[in-house]
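Below is data36.cif, which holds mmCIF, C-alpha atoms.
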data_coords
loop_
_atom_site.label_atom_id
_atom_site.label_comp_id
_atom_site.auth_asym_id
_atom_site.auth_seq_id
_atom_site.Cartn_x
_atom_site.Cartn_y
_atom_site.Cartn_z
CA MET A 1 0.00 0.00 0.00
CA TYR A 2 1.34 3.43 -0.99
CA THR A 3 1.46 5.55 2.17
CA TYR A 4 2.74 8.99 3.18
CA ARG A 5 5.72 7.27 4.81
CA SER A 6 6.69 5.48 1.55
CA ALA A 7 6.14 8.71 -0.44
CA SER A 8 8.40 10.57 2.01
CA PHE A 9 11.10 7.89 1.71
CA PHE A 10 10.91 8.04 -2.10
CA ALA A 11 11.21 11.84 -2.09
CA THR A 12 14.23 11.65 0.26
CA PHE A 13 15.82 9.01 -1.96
CA VAL A 14 15.33 11.14 -5.11
CA VAL A 15 16.85 14.23 -3.45
CA HIS A 16 19.73 12.14 -2.07
CA VAL A 17 20.56 10.68 -5.50
CA GLU A 18 20.30 14.12 -7.14
CA VAL A 19 22.73 15.66 -4.63
CA LEU A 20 25.18 12.82 -5.27
CA GLU A 21 24.73 13.31 -9.01
CA PHE A 22 25.70 16.99 -8.71
CA ILE A 23 28.83 16.14 -6.68
CA ALA A 24 29.75 13.46 -9.22
CA PHE A 25 29.04 15.91 -12.04
CA PHE A 26 31.56 18.46 -10.79
CA ALA A 27 34.13 15.78 -9.91
CA GLY A 28 33.71 14.40 -13.43
CA VAL A 29 34.23 17.80 -15.05
CA ILE A 30 37.38 18.44 -12.98
CA TYR A 31 38.61 14.94 -13.90
CA LEU A 32 38.20 15.65 -17.62
CA VAL A 33 39.96 19.01 -17.35
CA GLY A 34 42.88 17.33 -15.59
CA ILE A 35 43.06 14.44 -18.06
CA GLY A 36 42.70 16.75 -21.07
CA LYS A 37 45.69 18.73 -19.78
CA SER A 38 47.57 15.48 -19.01
CA LYS A 39 47.64 16.37 -15.30
CA ARG A 40 48.12 13.45 -12.94
CA TRP A 41 45.82 14.89 -10.24
CA GLY A 42 42.86 14.44 -12.59
CA TRP A 43 42.76 10.74 -11.72
CA TRP A 44 41.80 11.49 -8.08
CA PHE A 45 38.67 13.29 -9.25
CA GLY A 46 37.94 10.34 -11.52
CA ALA A 47 38.06 8.08 -8.45
CA ILE A 48 35.66 10.38 -6.54
CA ASN A 49 33.28 10.46 -9.51
CA ALA A 50 33.32 6.65 -9.87
CA SER A 51 32.83 6.04 -6.14
CA ILE A 52 29.63 8.07 -6.16
CA TYR A 53 28.30 6.25 -9.23
CA VAL A 54 28.82 2.84 -7.63
CA TYR A 55 25.96 3.74 -5.29
CA ALA A 56 23.81 5.74 -7.73
CA SER A 57 23.91 3.02 -10.41
CA MET A 58 22.88 0.34 -7.90
CA MET A 59 19.93 2.45 -6.80
CA VAL A 60 18.46 2.61 -10.32
CA GLY A 61 19.17 -1.02 -11.28
CA LEU A 62 22.18 -0.49 -13.57
CA TYR A 63 24.18 -3.35 -12.10
CA VAL A 64 26.79 -3.54 -14.84
CA GLN A 65 27.38 0.19 -14.45
CA SER A 66 27.88 -0.20 -10.69
CA ILE A 67 30.46 -2.98 -11.26
CA LEU A 68 32.09 -0.79 -13.90
CA GLN A 69 32.36 2.10 -11.43
CA VAL A 70 34.11 -0.12 -8.87
CA LEU A 71 36.57 -1.03 -11.63
CA TYR A 72 36.96 2.69 -12.45
CA VAL A 73 38.09 3.43 -8.90
CA PHE A 74 40.84 0.85 -9.34
CA LEU A 75 41.68 2.14 -12.84
CA ALA A 76 41.91 5.71 -11.54
CA CYS A 77 44.54 4.57 -9.04
CA LEU A 78 46.34 2.70 -11.84
CA GLY A 79 46.17 5.79 -14.05
CA TYR A 80 47.60 7.97 -11.30
CA TRP A 81 50.47 5.52 -10.83
CA ASN A 82 51.20 5.13 -14.56
CA TRP A 83 51.16 8.87 -15.26
CA GLY A 84 53.75 9.27 -12.51
CA ARG A 85 56.18 7.12 -14.49
CA GLU A 86 58.31 8.81 -17.13
CA GLU A 87 57.11 6.57 -19.99
CA GLY A 88 53.47 7.13 -18.95
CA LYS A 89 53.65 10.88 -19.58
CA GLU A 90 54.03 10.89 -23.36
CA VAL A 91 50.99 10.92 -25.69
CA LYS A 92 51.31 8.09 -28.21
CA GLN A 93 49.40 6.38 -31.00
CA ILE A 94 48.91 2.64 -31.64
CA PRO A 95 48.50 0.68 -34.90
CA THR A 96 45.09 0.06 -36.49
CA ARG A 97 45.58 -3.69 -35.96
CA THR A 98 45.77 -3.14 -32.19
CA HIS A 99 42.51 -1.18 -32.30
CA LEU A 100 40.80 -3.95 -34.30
CA ILE A 101 41.88 -6.55 -31.75
CA GLY A 102 40.68 -4.36 -28.87
CA VAL A 103 37.32 -3.67 -30.54
CA SER A 104 36.79 -7.35 -31.40
CA ILE A 105 37.48 -8.48 -27.83
CA SER A 106 35.24 -5.69 -26.49
CA VAL A 107 32.31 -6.63 -28.77
CA LEU A 108 32.56 -10.32 -27.81
CA THR A 109 32.84 -9.51 -24.09
CA ALA A 110 29.92 -7.05 -24.24
CA ALA A 111 27.69 -9.57 -26.05
CA ILE A 112 28.37 -12.25 -23.43
CA LEU A 113 27.83 -9.77 -20.60
CA ALA A 114 24.56 -8.48 -22.12
CA TRP A 115 23.24 -12.05 -22.45
CA ALA A 116 24.24 -12.91 -18.88
CA MET A 117 22.66 -9.77 -17.45
CA SER A 118 19.45 -10.25 -19.42
CA TYR A 119 19.19 -13.90 -18.38
CA PHE A 120 20.29 -13.82 -14.74
CA THR A 121 19.29 -10.35 -13.47
CA ALA A 122 16.61 -7.68 -13.72
CA GLN A 123 19.15 -5.42 -15.44
CA GLN A 124 17.60 -2.45 -17.26
CA LEU A 125 18.78 -1.81 -20.86
CA ALA A 126 21.23 -4.71 -20.61
CA VAL A 127 22.60 -4.56 -24.15
CA GLU A 128 23.23 -0.81 -24.10
CA ASP A 129 24.72 -0.91 -20.60
CA ALA A 130 27.01 -3.85 -21.41
CA PHE A 131 28.42 -2.33 -24.60
CA ILE A 132 28.94 1.10 -23.01
CA SER A 133 30.57 -0.48 -19.97
CA VAL A 134 32.97 -2.76 -21.82
CA PHE A 135 34.03 -0.12 -24.33
CA ALA A 136 34.48 2.37 -21.49
CA VAL A 137 36.96 -0.02 -19.84
CA PHE A 138 38.84 -0.34 -23.14
CA ALA A 139 38.86 3.45 -23.61
CA THR A 140 40.01 3.95 -20.01
CA TYR A 141 42.90 1.56 -20.60
CA LEU A 142 43.88 3.67 -23.63
CA THR A 143 43.63 6.82 -21.48
CA ILE A 144 45.80 5.29 -18.75
CA THR A 145 48.44 4.38 -21.34
CA HIS A 146 48.19 7.90 -22.86
CA VAL A 147 46.98 6.70 -26.28
CA LEU A 148 45.62 9.59 -28.36
CA GLU A 149 42.78 7.60 -29.94
CA ASN A 150 41.04 7.08 -26.58
CA TRP A 151 39.15 10.30 -27.26
CA TYR A 152 37.47 8.87 -30.38
CA TYR A 153 36.07 6.01 -28.30
CA TRP A 154 34.93 8.43 -25.60
CA LEU A 155 32.96 10.47 -28.15
CA GLY A 156 30.86 7.39 -28.99
CA ILE A 157 30.63 6.19 -25.39
CA ASN A 158 29.50 9.57 -24.09
CA ALA A 159 26.86 9.92 -26.81
CA ALA A 160 25.46 6.47 -25.94
CA SER A 161 25.61 7.26 -22.21
CA ILE A 162 23.42 10.35 -22.66
CA TYR A 163 20.72 8.00 -23.94
CA LEU A 164 21.30 5.29 -21.29
CA PHE A 165 21.15 7.55 -18.23
CA GLY A 166 18.40 9.74 -19.69
CA MET A 167 16.22 6.64 -20.09
CA GLN A 168 16.80 5.88 -16.37
CA GLY A 169 15.75 9.39 -15.32
CA LEU A 170 19.27 10.39 -14.21
CA TYR A 171 19.11 13.70 -16.07
CA VAL A 172 22.00 15.35 -14.23
CA THR A 173 24.17 12.38 -15.15
CA ALA A 174 22.96 12.53 -18.76
CA SER A 175 23.95 16.22 -18.74
CA LEU A 176 27.39 15.24 -17.42
CA PHE A 177 27.83 12.94 -20.41
CA LEU A 178 26.85 15.79 -22.73
CA VAL A 179 29.60 17.85 -21.08
CA ASN A 180 31.89 14.78 -21.34
CA PHE A 181 31.14 14.60 -25.07
CA LEU A 182 32.07 18.23 -25.61
CA MET A 183 35.16 17.89 -23.43
CA SER A 184 36.19 14.79 -25.39
CA VAL A 185 36.31 17.01 -28.49
CA TRP A 186 38.52 19.44 -26.54
CA GLY A 187 40.63 16.59 -25.09
CA LEU A 188 41.25 15.18 -28.57
CA TYR A 189 42.38 18.60 -29.77
CA ALA A 190 44.60 19.12 -26.68
CA TRP A 191 46.28 15.70 -27.00
CA LYS A 192 46.78 16.17 -30.74
CA LYS A 193 48.50 19.44 -29.93
CA GLN A 194 50.74 17.68 -27.40
CA ARG A 195 51.47 14.97 -29.96
CA ASN A 196 51.94 17.58 -32.74
CA VAL A 197 49.52 15.69 -35.00
#

This structure in structure tokens:
Amino acid sequence: MYTYRSASFFATFVVHVEVLEFIAFFAGVIYLVGIGKSKRWGWWFGAINASIYVYASMMVGLYVQSILQVLYVFLACLGYWNWGREEGKEVKQIPTRTHLIGVSISVLTAAILAWAMSYFTAQQLAVEDAFISVFAVFATYLTITHVLENWYYWLGINAASIYLFGMQGLYVTASLFLVNFLMSVWGLYAWKKQRNV
């Protein structure tokens, strides 16, 4: 039975998630500014952003996203460590063959994950979430290793994420991914400038 008490709890939950979304939004923007400028401190804000989304994604039934965010916290620490090494500071490019291998593995992994989530859980938008999640891990690996082409992947991932989070009613988060999309354009330009491409 829908009571005043349950309505009050729902309202508190919505406000709580929205406040967390705003904090994650600003942490995410600072992260992208830092990464776009190849600043090591950017990874700490990435870890803050991901930690918040572990909780927020669980609350709206995006289980793959919540697992992904836990992984992001670890990857942010790895990124911070790698960018502290001399060889981790230089923007580089990788061969097309390496991209094809990475994309093929990502597609296969995402398909298996989407099937598993659809079959074993009540996951919302399982196919979209799985593909975004797996390709985001691949793109993050490229970011950690300072590969220029990571920004091309992020353009596609951010565009798809606007749709995914918008469909779940996380409009602040969808707005963050719109900002992420625009900042990916800037990041690509900034890294090309560093690479002199």

Name the residues that the PyMOL selection byres ((chain A and resi 190) around 12) pulls out of this structure, and write them as an NGL selection string.
-> :A and (32-38 or 91 or 148 or 151 or 183-189 or 191-197)

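Taking CA of Ala24 in chain A and CA of Ala76 in chain A as endpoints, the distance between them is 14.6 Å.
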
Nearby residues, (18.7, -3.6, -19.8) file frame, 10 Å, all atoms listed in the file, as a VMD selection string | chain A and resid 61 to 64 114 to 115 117 to 118 121 to 130 164

The PyMOL selection byres ((chain A and resi 50) around 8) on the file shown: which residues, as a VMD selection string?
-> chain A and resid 24 46 to 49 51 to 54 69 to 70 72 to 73

Write out as a PyMOL selection string the residues lying within 9 Å of His146 in chain A, counting all atoms listed in the file and excluding same-chain residues fewer than 5 positions away.
-> chain A and resi 38+83+88-93+141

Enclosing box along x, y and z for every listed atom of range 102-120 of chain A, padded 4 Å each side, centre and size in Å, one decimal, as AutoDock Vina command-line options:
--center_x 29.9 --center_y -8.8 --center_z -23.1 --size_x 29.5 --size_y 18.2 --size_z 24.7

Residue IDs satisfying the PyMOL selection byres ((chain A and resi 26) around 12), as a count of residues only | 27

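CA of Val103 in chain A lies 25.7 Å from CA of Met167 in chain A.
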
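Counting from CA of Trp154 in chain A, the distance to CA of Thr140 in chain A is 8.8 Å.
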
Best match for closeness to Leu155 in chain A among A:Ala110, A:Leu182, A:Met58, A:Leu78, counting all atoms listed in the file | A:Leu182

Just the residues within 9 Å of Tyr153 in chain A, please, counting only C-alpha atoms, with nothing from its chain fewer than 2 positions along; format it as an MDAnalysis selection string.
-> chainID A and resid 135:136 138:139 149:151 155:158

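Residue nearest Val60 in chain A within the list A:Gly169, A:Gly79, A:Gly42, A:Gly102: A:Gly169 [criterion: smallest interatomic distance, only C-alpha atoms].
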